[in-house]
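Colleague: Hey, dropping input_21.txt in here, compact mmCIF, C-alpha atoms:
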# COMPACT_ATOMS: atom_id res chain seq x y z
CA MET A 256 0.00 0.00 0.00
CA ARG A 257 1.22 3.50 -0.84
CA LEU A 258 -0.03 6.33 1.32
CA PHE A 259 -0.25 8.78 -1.55
CA ASP A 260 -0.27 8.85 -5.33
CA VAL A 261 3.26 9.25 -6.69
CA ASN A 262 1.90 11.25 -9.63
CA VAL A 263 0.51 14.16 -7.60
CA SER A 264 2.15 17.58 -7.78
CA TYR A 265 5.27 18.40 -5.73
CA ARG A 266 3.36 20.98 -3.68
CA LYS A 267 0.78 18.37 -2.72
CA VAL A 268 3.54 15.88 -1.95
CA LYS A 269 5.06 18.34 0.52
CA HIS A 270 1.67 18.76 2.18
CA LEU A 271 1.18 15.02 2.42
CA ARG A 272 4.68 14.59 3.78
CA ARG A 273 3.88 16.99 6.61
CA SER A 274 0.69 15.02 7.24
CA ILE A 275 2.34 11.61 7.39
CA LEU A 276 4.97 12.82 9.81
CA THR A 277 2.29 13.08 12.51
CA MET A 278 2.72 9.27 12.71
CA LYS A 279 -0.97 8.44 12.89
CA ILE A 280 -1.39 4.92 11.54
CA GLU A 281 -3.92 4.94 8.74
CA LEU A 282 -6.12 1.85 8.77
CA PHE A 283 -7.57 0.21 5.70
CA GLU A 284 -11.28 0.44 5.08
CA ALA A 285 -13.19 -1.96 7.38
CA GLU A 286 -9.97 -2.90 9.23
CA LYS A 287 -10.90 -1.25 12.52
CA ILE A 288 -11.82 -3.70 15.30
CA ASN A 289 -13.96 -2.92 18.34
CA PHE A 290 -11.79 -3.93 21.27
CA GLU A 291 -14.37 -2.78 23.79
CA GLU A 292 -15.87 -6.27 23.67
CA ILE A 293 -12.63 -8.09 24.46
CA ASP A 294 -13.59 -8.87 28.05
CA SER A 295 -17.27 -7.99 28.15
CA VAL A 296 -18.43 -11.48 29.10
CA GLU A 297 -21.61 -11.23 31.14
CA GLU A 298 -22.20 -13.37 34.21
CA ILE A 299 -24.85 -16.02 33.63
CA ASP A 300 -27.24 -16.85 36.42
CA VAL A 301 -29.19 -20.03 35.75
CA SER A 302 -31.26 -22.31 37.94
CA ASN A 303 -30.70 -26.02 38.53
CA ARG A 304 -33.85 -26.70 36.50
CA GLU A 305 -32.39 -24.87 33.49
CA ILE A 306 -29.09 -26.74 33.90
CA ASN A 307 -30.94 -30.08 33.92
CA GLU A 308 -32.92 -29.08 30.83
CA LYS A 309 -29.69 -28.16 29.04
CA TYR A 310 -28.21 -31.57 29.83
CA GLN A 311 -31.36 -33.44 28.77
CA LYS A 312 -31.42 -31.59 25.44
CA GLY A 313 -27.89 -32.81 24.82
CA GLU A 314 -26.37 -29.33 24.47
CA VAL A 315 -22.57 -29.41 24.26
CA ARG A 316 -22.47 -33.20 24.43
CA ILE A 317 -19.92 -34.94 22.24
CA VAL A 318 -21.05 -37.94 20.16
CA THR A 319 -18.21 -40.41 19.71
CA GLU A 320 -17.39 -43.91 18.65
CA GLN A 321 -14.22 -45.95 18.93
CA ALA A 322 -12.25 -47.90 16.36
CA ARG A 323 -9.05 -49.94 16.20
CA TYR A 324 -6.72 -50.08 13.19
CA PRO A 325 -4.14 -52.87 12.62
CA LEU A 326 -0.78 -51.19 12.12
CA ASN A 327 -0.26 -52.74 8.68
CA THR A 328 -3.44 -50.98 7.46
CA ILE A 329 -2.14 -47.49 8.28
CA VAL A 330 -0.31 -47.02 4.96
CA PRO A 331 -3.33 -47.65 2.67
CA LEU A 332 -5.54 -45.80 5.14
CA LEU A 333 -3.44 -42.61 5.00
CA LYS A 334 -3.00 -42.90 1.24
CA SER A 335 -6.76 -42.83 0.82
CA GLU A 336 -8.68 -39.55 0.55
CA ASN A 337 -10.71 -40.36 3.63
CA TYR A 338 -8.15 -39.20 6.20
CA ILE A 339 -7.07 -35.57 6.32
CA LEU A 340 -3.71 -34.98 7.96
CA ASN A 341 -4.48 -31.39 8.78
CA PRO A 342 -1.16 -29.59 9.36
CA GLU A 343 -2.81 -26.33 10.47
CA PHE A 344 -4.35 -28.12 13.43
CA GLN A 345 -1.01 -29.53 14.57
CA ARG A 346 2.02 -28.13 16.28
CA ARG A 347 5.24 -27.76 14.32
CA HIS A 348 7.00 -30.26 16.56
CA ARG A 349 8.25 -33.16 14.48
CA TRP A 350 9.39 -36.42 16.03
CA ASP A 351 12.99 -37.32 15.43
CA LYS A 352 14.08 -40.82 14.41
CA ILE A 353 14.66 -41.95 17.99
CA LYS A 354 11.19 -40.95 19.16
CA LYS A 355 9.62 -42.70 16.15
CA SER A 356 11.73 -45.81 16.84
CA ARG A 357 10.66 -45.96 20.47
CA LEU A 358 7.03 -45.89 19.42
CA ILE A 359 7.69 -48.96 17.26
CA GLU A 360 9.53 -50.58 20.19
CA SER A 361 6.44 -49.95 22.33
CA PHE A 362 4.34 -51.84 19.78
CA ILE A 363 6.83 -54.72 19.78
CA MET A 364 6.51 -54.90 23.57
CA ASN A 365 2.72 -54.38 23.45
CA VAL A 366 2.92 -51.26 25.62
CA PRO A 367 -0.48 -49.46 25.62
CA ILE A 368 -0.45 -46.43 23.30
CA PRO A 369 -2.83 -43.46 23.78
CA PRO A 370 -5.63 -43.29 21.18
CA ILE A 371 -5.63 -40.87 18.29
CA PHE A 372 -8.53 -38.42 17.94
CA LEU A 373 -10.40 -38.01 14.66
CA TYR A 374 -13.20 -35.68 13.65
CA GLU A 375 -15.72 -36.83 11.06
CA VAL A 376 -15.92 -33.84 8.71
CA ASP A 377 -18.12 -35.76 6.28
CA TYR A 378 -19.53 -39.27 6.36
CA SER A 379 -16.52 -41.62 6.59
CA VAL A 380 -14.10 -38.70 5.98
CA TYR A 381 -11.95 -37.91 8.99
CA GLU A 382 -9.67 -35.10 10.09
CA VAL A 383 -6.78 -35.99 12.40
CA MET A 384 -7.13 -33.78 15.47
CA ASP A 385 -4.50 -35.42 17.64
CA GLY A 386 -2.05 -38.22 16.83
CA LEU A 387 -0.50 -37.04 13.57
CA GLN A 388 3.03 -37.80 14.79
CA ARG A 389 2.11 -41.35 15.82
CA LEU A 390 0.38 -42.03 12.50
CA THR A 391 3.27 -40.54 10.55
CA ALA A 392 5.85 -42.60 12.48
CA ILE A 393 3.92 -45.82 11.71
CA TYR A 394 3.40 -44.87 8.06
CA GLU A 395 7.07 -44.01 7.49
CA PHE A 396 8.22 -47.19 9.26
CA TYR A 397 6.16 -49.41 6.97
CA GLN A 398 7.47 -47.41 4.01
CA ASN A 399 11.06 -48.17 5.13
CA ASN A 400 11.81 -44.45 5.44
CA TYR A 401 13.93 -44.75 8.58
CA LYS A 402 16.03 -47.28 10.45
CA LEU A 403 15.25 -48.05 14.07
CA ASP A 404 17.52 -46.14 16.41
CA GLY A 405 17.83 -45.62 20.15
CA LEU A 406 15.98 -48.79 21.16
CA GLU A 407 16.75 -49.81 24.73
CA GLU A 408 14.88 -53.09 25.30
CA TRP A 409 15.46 -54.36 21.76
CA GLU A 410 18.93 -52.98 21.07
CA GLU A 411 19.63 -55.77 18.59
CA LEU A 412 17.07 -54.23 16.22
CA ASN A 413 18.81 -50.84 16.01
CA GLY A 414 19.81 -50.07 12.43
CA SER A 415 16.98 -52.16 10.93
CA TYR A 416 14.32 -51.03 8.49
CA TYR A 417 10.92 -52.72 8.67
CA LYS A 418 11.89 -54.93 5.72
CA ASP A 419 15.03 -56.09 7.58
CA LEU A 420 13.24 -57.28 10.71
CA PRO A 421 13.02 -61.00 11.46
CA GLU A 422 9.76 -62.50 10.23
CA GLN A 423 8.30 -63.13 13.69
CA ILE A 424 8.99 -59.55 14.75
CA ARG A 425 7.24 -58.23 11.62
CA LYS A 426 4.26 -60.50 12.28
CA GLY A 427 4.16 -59.36 15.90
CA ILE A 428 4.07 -55.69 14.88
CA ASN A 429 1.45 -56.37 12.20
CA ARG A 430 -0.99 -57.81 14.73
CA ARG A 431 -0.80 -54.72 16.95
CA TYR A 432 -3.48 -52.04 16.82
CA ILE A 433 -3.74 -48.31 17.34
CA SER A 434 -7.02 -47.14 18.85
CA SER A 435 -9.00 -44.08 17.83
CA ILE A 436 -11.77 -41.96 19.27
CA ILE A 437 -13.94 -40.46 16.56
CA LEU A 438 -16.06 -37.36 17.07
CA LEU A 439 -19.04 -38.06 14.83
CA GLN A 440 -20.52 -35.55 12.45
CA GLU A 441 -23.85 -35.48 14.27
CA THR A 442 -22.09 -33.88 17.26
CA ALA A 443 -22.60 -30.44 15.65
CA ARG A 444 -25.61 -28.85 14.01
CA ASP A 445 -23.66 -26.60 11.64
CA LYS A 446 -20.13 -25.63 10.57
CA ASP A 447 -19.75 -22.92 13.19
CA GLU A 448 -20.67 -25.29 15.99
CA ALA A 449 -18.41 -27.96 14.52
CA GLN A 450 -15.46 -25.57 14.60
CA ARG A 451 -16.25 -24.54 18.17
CA LEU A 452 -16.49 -28.15 19.36
CA LYS A 453 -13.26 -29.12 17.60
CA GLN A 454 -11.58 -26.23 19.35
CA LEU A 455 -13.06 -27.27 22.69
CA VAL A 456 -11.93 -30.89 22.32
CA PHE A 457 -8.48 -29.89 21.08
CA GLU A 458 -8.07 -27.62 24.10
CA ARG A 459 -9.08 -30.39 26.51
CA ILE A 460 -6.87 -33.00 24.82
CA ASN A 461 -3.88 -30.71 25.15
CA SER A 462 -4.60 -29.49 28.67
CA GLY A 463 -2.26 -32.17 30.05
CA GLY A 464 1.26 -33.18 29.12
CA VAL A 465 3.42 -30.64 27.29
CA ASN A 466 1.81 -27.22 27.36
CA LEU A 467 1.19 -25.54 24.05
CA GLU A 468 2.80 -22.19 23.39
CA ARG A 469 0.32 -19.34 23.03
CA GLN A 470 0.71 -19.11 19.24
CA GLU A 471 0.35 -22.88 18.89
CA THR A 472 -2.97 -22.61 20.68
CA ARG A 473 -4.07 -19.72 18.46
CA ASN A 474 -3.09 -21.69 15.37
CA ALA A 475 -5.19 -24.66 16.44
CA LEU A 476 -8.19 -22.84 17.85
CA TYR A 477 -8.46 -19.75 15.67
CA ASN A 478 -7.44 -20.89 12.21
CA GLY A 479 -8.75 -18.77 9.35
CA LYS A 480 -7.72 -16.38 6.59
CA LEU A 481 -5.62 -14.10 8.76
CA ASN A 482 -3.97 -16.99 10.59
CA GLN A 483 -3.06 -18.59 7.26
CA LEU A 484 -1.58 -15.31 6.05
CA CYS A 485 0.58 -15.09 9.18
CA ILE A 486 1.83 -18.64 8.58
CA ASP A 487 2.62 -17.87 4.93
CA LEU A 488 4.46 -14.63 5.74
CA SER A 489 6.46 -16.23 8.56
CA SER A 490 8.76 -17.71 5.90
CA ASN A 491 9.53 -14.27 4.42
CA LYS A 492 13.26 -14.31 3.67
CA TYR A 493 13.93 -10.92 5.29
CA LEU A 494 12.08 -11.86 8.48
CA CYS A 495 14.06 -15.10 8.62
CA LYS A 496 17.38 -13.32 8.11
CA MET A 497 16.70 -10.74 10.82
CA TRP A 498 15.40 -13.29 13.35
CA ASN A 499 18.03 -15.98 12.63
CA ILE A 500 15.54 -18.51 11.30
CA PRO A 501 16.74 -20.88 8.54
CA GLU A 502 15.13 -19.87 5.27
CA HIS A 503 12.33 -22.20 4.18
CA ASN A 504 9.13 -22.49 2.21
CA SER A 505 6.04 -22.40 4.43
CA ASP A 506 4.11 -24.39 1.80
CA ASP A 507 6.53 -27.31 1.90
CA ILE A 508 5.54 -28.73 5.29
CA ASN A 509 6.68 -32.24 4.41
CA ASN A 510 10.27 -31.27 3.68
CA VAL A 511 11.39 -29.48 6.84
CA SER A 512 15.10 -29.53 7.66
CA GLN A 513 16.34 -30.66 11.06
CA GLU A 514 18.04 -27.28 11.44
CA LEU A 515 14.68 -25.58 11.06
CA LEU A 516 12.96 -27.93 13.51
CA GLU A 517 15.64 -27.17 16.08
CA ASN A 518 15.09 -23.42 15.74
CA ARG A 519 13.20 -22.24 18.83
CA LEU A 520 11.20 -19.50 17.09
CA TYR A 521 10.03 -21.83 14.33
CA ARG A 522 9.34 -24.78 16.63
CA LYS A 523 7.17 -22.70 18.98
CA MET A 524 5.53 -20.75 16.12
CA GLU A 525 6.90 -17.49 17.49
CA ASP A 526 7.76 -16.49 13.92
CA VAL A 527 4.04 -16.63 13.10
CA GLU A 528 3.29 -14.53 16.18
CA LEU A 529 5.77 -11.88 14.98
CA VAL A 530 3.71 -11.40 11.84
CA LEU A 531 0.48 -11.32 13.84
CA ARG A 532 1.95 -8.69 16.18
CA PHE A 533 2.69 -6.42 13.23
CA PHE A 534 -0.92 -6.48 12.06
CA ALA A 535 -2.44 -6.25 15.55
CA TYR A 536 -0.20 -3.37 16.67
CA ARG A 537 -1.55 -1.21 13.87
CA GLN A 538 -4.45 -0.78 16.30
CA ILE A 539 -2.56 -0.85 19.58
CA ASP A 540 -3.92 2.56 20.50
CA LYS A 541 -7.37 0.90 20.70
CA MET A 542 -6.13 -1.70 23.18
CA LYS A 543 -7.66 -1.32 26.66
CA ASN A 544 -5.05 -0.59 29.30
CA ALA A 545 -6.07 -3.55 31.46
CA THR A 546 -5.75 -6.03 28.58
CA ASN A 547 -2.60 -8.12 28.41
CA THR A 548 -0.77 -8.64 25.14
CA ASN A 549 -1.76 -12.29 24.69
CA ASP A 550 -5.47 -11.59 25.11
CA PHE A 551 -5.14 -8.66 22.70
CA LEU A 552 -3.51 -10.86 20.05
CA ASP A 553 -6.10 -13.62 20.60
CA TYR A 554 -9.00 -11.24 20.10
CA PHE A 555 -7.41 -9.55 17.10
CA LEU A 556 -6.84 -12.89 15.36
CA ILE A 557 -10.38 -14.07 16.04
CA GLU A 558 -11.84 -10.86 14.60
CA GLY A 559 -9.23 -10.55 11.85
CA ASN A 560 -10.05 -13.98 10.43
CA SER A 561 -13.29 -12.42 9.16
CA PHE A 562 -11.51 -9.62 7.24
CA ASP A 563 -12.41 -9.48 3.57
CA LYS A 564 -10.00 -10.40 0.80
CA ASN A 565 -8.96 -6.80 0.15
CA ILE A 566 -7.66 -6.32 3.69
CA ILE A 567 -5.85 -9.66 3.60
CA ASN A 568 -4.19 -8.67 0.31
CA ASN A 569 -3.28 -5.24 1.69
CA TYR A 570 -1.85 -6.85 4.80
CA GLU A 571 0.35 -9.13 2.72
CA LYS A 572 1.73 -6.23 0.70
CA ILE A 573 2.32 -3.85 3.57
CA PHE A 574 4.13 -6.52 5.58
CA GLU A 575 6.37 -7.54 2.68
CA ASP A 576 7.16 -3.92 1.79
CA THR A 577 7.85 -2.99 5.41
CA ILE A 578 10.09 -5.93 6.30
CA LYS A 579 12.12 -5.37 3.11
CA LEU A 580 12.56 -1.66 3.86
CA VAL A 581 13.77 -2.42 7.39
CA TYR A 582 16.28 -4.91 5.98
CA ASP A 583 17.44 -2.53 3.24
CA ILE A 584 18.18 0.17 5.81
CA LEU A 585 19.44 -1.73 8.85
CA GLY A 586 20.43 -5.17 7.59
CA GLU A 587 20.31 -8.47 9.48
CA ASN A 588 20.77 -6.84 12.91
CA ALA A 589 17.84 -4.45 12.44
CA PHE A 590 15.96 -5.63 15.55
CA CYS A 591 18.96 -5.78 17.86
CA LEU A 592 19.22 -3.28 20.69
CA TYR A 593 22.26 -1.19 21.60
CA ARG A 594 22.44 -1.76 25.34
CA GLU A 595 24.56 -1.24 28.41
CA ARG A 596 25.96 -4.05 30.52
CA GLN A 597 28.33 -3.35 33.42
CA GLY A 598 29.19 0.05 32.02
CA ASP A 599 29.96 -1.27 28.55
CA TRP A 600 27.73 -0.35 25.57
CA LYS A 601 27.43 -2.86 22.73
CA TRP A 602 24.91 -4.26 20.28
CA TYR A 603 22.88 -7.15 21.68
CA ASN A 604 23.52 -10.30 19.65
CA ARG A 605 19.83 -11.27 19.34
CA PRO A 606 16.76 -9.49 17.97
CA THR A 607 14.17 -8.26 20.44
CA LYS A 608 10.46 -7.49 20.28
CA ALA A 609 11.12 -4.22 22.10
CA VAL A 610 12.67 -3.02 18.82
CA TYR A 611 10.71 -5.12 16.33
CA ASP A 612 7.23 -3.96 17.33
CA PRO A 613 7.76 -0.19 17.13
CA LEU A 614 10.25 -0.24 14.26
CA MET A 615 7.91 -2.20 12.01
CA GLN A 616 5.05 0.21 12.72
CA VAL A 617 7.19 3.26 11.96
CA MET A 618 8.60 1.84 8.75
CA SER A 619 5.15 0.80 7.55
CA GLN A 620 4.14 4.46 7.66
CA TYR A 621 7.32 5.68 5.98
CA LEU A 622 7.16 3.41 2.95
CA ASP A 623 6.82 6.36 0.59
CA PHE A 624 10.19 7.62 1.78
CA ASP A 625 12.03 4.36 1.16
CA GLU A 626 14.51 5.86 -1.31
CA VAL A 627 15.39 8.71 1.04
CA LEU A 628 15.91 6.42 4.02
CA VAL A 629 17.92 3.82 2.10
CA GLU A 630 20.12 6.59 0.68
CA LYS A 631 20.88 7.78 4.22
CA LYS A 632 21.28 4.29 5.72
CA GLU A 633 24.97 4.67 6.60
CA THR A 634 24.27 7.76 8.69
CA ILE A 635 21.19 6.14 10.20
CA ASN A 636 23.13 3.06 11.29
CA ILE A 637 25.83 5.19 12.92
CA GLU A 638 23.43 7.50 14.75
CA LEU A 639 21.05 4.74 15.84
CA ALA A 640 23.47 3.67 18.58
CA ASP A 641 23.33 7.16 20.12
CA PHE A 642 19.53 7.08 19.82
CA TYR A 643 19.31 3.89 21.89
CA LYS A 644 21.77 5.25 24.48
CA GLU A 645 19.69 8.38 24.80
CA ASN A 646 16.41 6.47 25.10
CA TYR A 647 17.59 3.36 26.88
CA ASP A 648 15.14 3.79 29.74
CA ASP A 649 12.31 3.31 27.23
CA PHE A 650 13.86 0.48 25.18
CA GLY A 651 15.99 -1.38 27.72
CA GLY A 652 13.22 -3.16 29.61
CA ARG A 653 11.20 -6.16 28.49
CA ASN A 654 7.86 -4.47 29.04
CA THR A 655 5.74 -4.64 25.90
CA ASN A 656 2.44 -3.26 27.19
CA LYS A 657 0.45 -0.67 25.28
CA ASN A 658 1.99 2.49 26.72
CA HIS A 659 5.58 1.27 26.32
CA VAL A 660 5.04 0.26 22.69
CA ILE A 661 3.34 3.55 21.81
CA LYS A 662 6.16 5.52 23.44
CA ARG A 663 8.76 3.54 21.48
CA ILE A 664 6.84 4.14 18.26
CA GLU A 665 6.84 7.88 18.93
CA LEU A 666 10.56 7.96 19.69
CA LEU A 667 11.56 5.94 16.62
CA SER A 668 9.21 7.98 14.47
CA ASP A 669 10.97 11.18 15.54
CA PHE A 670 14.37 9.59 14.91
CA PHE A 671 13.59 8.63 11.29
CA LYS A 672 11.56 11.77 10.67
CA GLN A 673 14.66 13.95 10.87
CA TYR A 674 16.17 12.29 7.79
CA ILE A 675 12.97 12.75 5.82
CA GLU A 676 12.68 16.40 6.87
CA GLU A 677 16.28 16.99 5.83
CA ASP A 678 15.47 15.69 2.38
CA ASN A 679 12.26 17.72 2.30
CA ASN A 680 14.14 20.90 3.16
CA GLU A 681 16.82 20.13 0.59
CA GLY A 682 14.10 19.69 -2.01
Transcribe the structure of this file into structure tokens.

Modeller:
Amino acid sequence: MRLFDVNVSYRKVKHLRRSILTMKIELFEAEKINFEEIDSVEEIDVSNREINEKYQKGEVRIVTEQARYPLNTIVPLLKSENYILNPEFQRRHRWDKIKKSRLIESFIMNVPIPPIFLYEVDYSVYEVMDGLQRLTAIYEFYQNNYKLDGLEEWEELNGSYYKDLPEQIRKGINRRYISSIILLQETARDKDEAQRLKQLVFERINSGGVNLERQETRNALYNGKLNQLCIDLSSNKYLCKMWNIPEHNSDDINNVSQELLENRLYRKMEDVELVLRFFAYRQIDKMKNATNTNDFLDYFLIEGNSFDKNIINNYEKIFEDTIKLVYDILGENAFCLYRERQGDWKWYNRPTKAVYDPLMQVMSQYLDFDEVLVEKKETINIELADFYKENYDDFGGRNTNKNHVIKRIELLSDFFKQYIEEDNNEG
């Protein structure tokens, strides 16, 4: 998005330049969200009679059935079109070879394995809600995609593919089963209720064991157009360079390098949250003071998933233009902070949200001055260290609440504004 027409007269350009330097973020049409409703949940007072009636009517009651699948049927089952391995509903965690091998060892020993959870999206068509890693490990084992490794009770089988196993061992594995719990289609009356119930069940399934990161939960519970855009943009090459994430293709989910899986930001979906933060903080001035950042991002994503195609397209462009401009001016260390430790000032060796959040907002509003800012990048990079020293009290802490972010936006806006005004005066 450009904030003014490049073909207008020079006099009008000067007027618009003065206007943009007020640093008021201009929202797209129909982008504004009403954050007043973020915590306006009313207390519900109901009688025991009404509670009993609700139960008798079967409201919010899950309809399920159980099934068992022989392990040697998993390959044709997953190759069919009747089972949807929905990556958006899963975490990015991928099992390594040892974890897959130990699952197979558990089957050899007949150790009970937790059931997988399926949702019947259409008659006899199922979406995998929980258990993708177990199914994938079984599938890949039967396809001879990995050798067993790290076995403790059956060490003599380490280094063996399925095809290499002794006949009795193969037969023993083939007669094992994996259980499933299927949420039937008749559980929900319509698509909206189906989505809500899937979210509810997913939340309850994952309430024990390893806790989900906040963005992993958002990804599972609030998937939609905006969430998908955030996932797509998280593989932007400039974002990856500046946040030390191995470059990758977000569409190629089946060919993820081990280096990428070991990256903390990618593994915990924090890269996706970075994109979401950029979009949400366009309206940070509307955030209620008592609202914490996570609740703010949750609410924004829920509401933003209903944005029309034009806003989604505009979001994609403004993010890509902004992240490129930041990189063109400040390079790979753009989001690092110049900080003081024990009397010594130096650049921090990792990017920080305290810089990312405000810098991205400022640059998104200065896109029309990209040539001016890039031309002056050497001076900017030199003087930025003094800027952080001067304003360290505002940037040095980890606080990312509304007032801190807005103050940082104002300070960075004034810093970059001086270079634009210089050019304006020279013109």

Colleague: Ranking A:Phe650, A:Tyr338, A:Trp602, A:Phe670 by minimum distance to Leu373 (chain A) and counting all atoms listed in the file, which one comes first?

Modeller: A:Tyr338

Colleague: Select, from A:Asp540, A:Glu595, A:Asp404, A:Asp641, the residue with the minimum atom-to-atom distance to Lys279 (chain A), counting all atoms listed in the file.

Modeller: A:Asp540

Colleague: Which of these residues is nearest to Ala535 (chain A), using only C-alpha atoms: A:Tyr493, A:Trp498, A:Phe574, A:Tyr582?

Modeller: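 Using only C-alpha atoms, the shortest distance to Ala535 (chain A) belongs to A:Phe574.
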
Colleague: Considering all atoms listed in the file, state which residue in the set A:Ile539, A:Leu628, A:Leu580, A:Ala640 is at the smallest distance from Thr655 (chain A).

Modeller: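 So, comparing all the options, the nearest one is A:Ile539.
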
Colleague: Report as CSV: every residue of region 533-574 of chain A with an atom at most 10 Å from region 617-624 of chain A, its closest pair of atoms, and their distance in Å to one decimal, counting all atoms listed in the file, with rows sorted by chain and ascending residue number.

Modeller:
residue,atom,partner,partner_atom,distance
A:Phe533,CA,A:Ser619,CA,9.5
A:Arg537,CA,A:Ser619,CA,9.4
A:Ile573,CA,A:Ser619,CA,6.7
A:Phe574,CA,A:Ser619,CA,7.6

Colleague: What is the distance, in Å and to one decimal place, between CA of Lys657 (chain A) and CA of Pro613 (chain A)?

Modeller: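 Value for the CA of Lys657 (chain A)-CA of Pro613 (chain A) distance: 11.0 Å.
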
Colleague: Skip Phe551 (chain A) itself and residues of its chain fewer than 3 positions away, then list as a PyMOL selection string all residues within 9 Å of it, counting only C-alpha atoms.

Modeller: chain A and resi 290+293+535+539+542-543+546-548+554-556

Colleague: Work out how far apart CA of Gly427 (chain A) and CA of Ile339 (chain A) are and give it in Å to one decimal.

Modeller: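 These two atoms are separated by 28.0 Å.
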
Colleague: Do you have the CA of Met497 (chain A)-CA of Asp599 (chain A) distance handy?

Modeller: 24.1 Å

Colleague: Could you pull the residues within 9 Å of region 348-353 of chain A, counting only C-alpha atoms, minus those fewer than 3 positions along the same chain, as a list in words?

Modeller: Gln345, Ser356, Arg357, Leu358, Gln388, Arg389, Ala392, Tyr401, Lys402, Leu403, Asp404, Gly405, Leu406, Gln513, Leu516, Arg522 and Lys523 of chain A

Colleague: So which one's closest to Gln616 (chain A), A:His659, A:Asn560, A:Phe534, A:Leu515? Using only C-alpha atoms, please.

Modeller: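 Closest residue, counting only C-alpha atoms: A:Phe534.
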
Colleague: Of the candidates A:Asn327, A:Met384, A:Lys492, A:Leu639, which one gets nearest to Phe671 (chain A) if we count only C-alpha atoms?

Modeller: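 Using only C-alpha atoms, the shortest distance to Phe671 (chain A) belongs to A:Leu639.
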
Colleague: Could you give me, as a list of chain:residue names, the residues that sit within 9 Å of (-17.6, -47.3, 17.8) in the file's coordinates, counting all atoms listed in the file?

Modeller: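 Within the cut-off we find A:Thr319, A:Glu320, A:Gln321, A:Ala322, A:Ile436, A:Ile437.
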
Colleague: Neighbours of Asn588 (chain A) within 12 Å (all atoms listed in the file; same-chain residues fewer than 5 positions away dropped), as a PyMOL selection string?

Modeller: chain A and resi 493-499+581-583+593+602-607+610-611+636+639

Colleague: Neighbouring residues of Tyr674 (chain A) were defined as those with any atom within 9 Å, considering all atoms listed in the file; residues of the same chain fewer than 6 positions away were excluded. Please report them as a list of chain:residue names.

Modeller: A:Val627, A:Leu628, A:Lys631, A:Ile635

Colleague: Enclose region 604-613 of chain A, meaning all of its atoms listed in the file, in a box aligned along x, y and z, pad it by 6 Å on each side, and list the centre and edge lengths in Å to one decimal, as AutoDock Vina command-line options.

Modeller:
--center_x 15.4 --center_y -5.7 --center_z 19.2 --size_x 28.3 --size_y 23.1 --size_z 17.8

Colleague: Missing atoms in region 478-489 of chain A should be modelled up to N, CA and C atoms and reported as an mmCIF file, in the coordinates of the input.

Modeller:
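This is the output file rebuild.cif:
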data_model
loop_
_atom_site.group_PDB
_atom_site.id
_atom_site.type_symbol
_atom_site.label_atom_id
_atom_site.label_comp_id
_atom_site.auth_asym_id
_atom_site.auth_seq_id
_atom_site.Cartn_x
_atom_site.Cartn_y
_atom_site.Cartn_z
ATOM 1 N N ASN A 478 -7.937 -20.866 13.585
ATOM 2 C CA ASN A 478 -7.440 -20.890 12.210
ATOM 3 C C ASN A 478 -8.438 -20.185 11.295
ATOM 4 N N GLY A 479 -7.914 -19.517 10.288
ATOM 5 C CA GLY A 479 -8.750 -18.770 9.350
ATOM 6 C C GLY A 479 -7.870 -18.023 8.376
ATOM 7 N N LYS A 480 -8.458 -17.079 7.640
ATOM 8 C CA LYS A 480 -7.720 -16.380 6.590
ATOM 9 C C LYS A 480 -6.523 -15.600 7.135
ATOM 10 N N LEU A 481 -6.723 -14.891 8.224
ATOM 11 C CA LEU A 481 -5.620 -14.100 8.760
ATOM 12 C C LEU A 481 -4.540 -15.002 9.353
ATOM 13 N N ASN A 482 -4.944 -16.054 10.038
ATOM 14 C CA ASN A 482 -3.970 -16.990 10.590
ATOM 15 C C ASN A 482 -3.136 -17.624 9.483
ATOM 16 N N GLN A 483 -3.781 -18.003 8.383
ATOM 17 C CA GLN A 483 -3.060 -18.590 7.260
ATOM 18 C C GLN A 483 -2.071 -17.604 6.648
ATOM 19 N N LEU A 484 -2.480 -16.332 6.580
ATOM 20 C CA LEU A 484 -1.580 -15.310 6.050
ATOM 21 C C LEU A 484 -0.346 -15.182 6.943
ATOM 22 N N CYS A 485 -0.556 -15.187 8.247
ATOM 23 C CA CYS A 485 0.580 -15.090 9.180
ATOM 24 C C CYS A 485 1.538 -16.259 9.007
ATOM 25 N N ILE A 486 0.996 -17.463 8.806
ATOM 26 C CA ILE A 486 1.830 -18.640 8.580
ATOM 27 C C ILE A 486 2.626 -18.476 7.278
ATOM 28 N N ASP A 487 1.950 -18.038 6.221
ATOM 29 C CA ASP A 487 2.620 -17.870 4.930
ATOM 30 C C ASP A 487 3.746 -16.840 5.021
ATOM 31 N N LEU A 488 3.477 -15.709 5.679
ATOM 32 C CA LEU A 488 4.460 -14.630 5.740
ATOM 33 C C LEU A 488 5.602 -14.927 6.714
ATOM 34 N N SER A 489 5.408 -15.912 7.589
ATOM 35 C CA SER A 489 6.460 -16.230 8.560
ATOM 36 C C SER A 489 7.711 -16.782 7.878
#
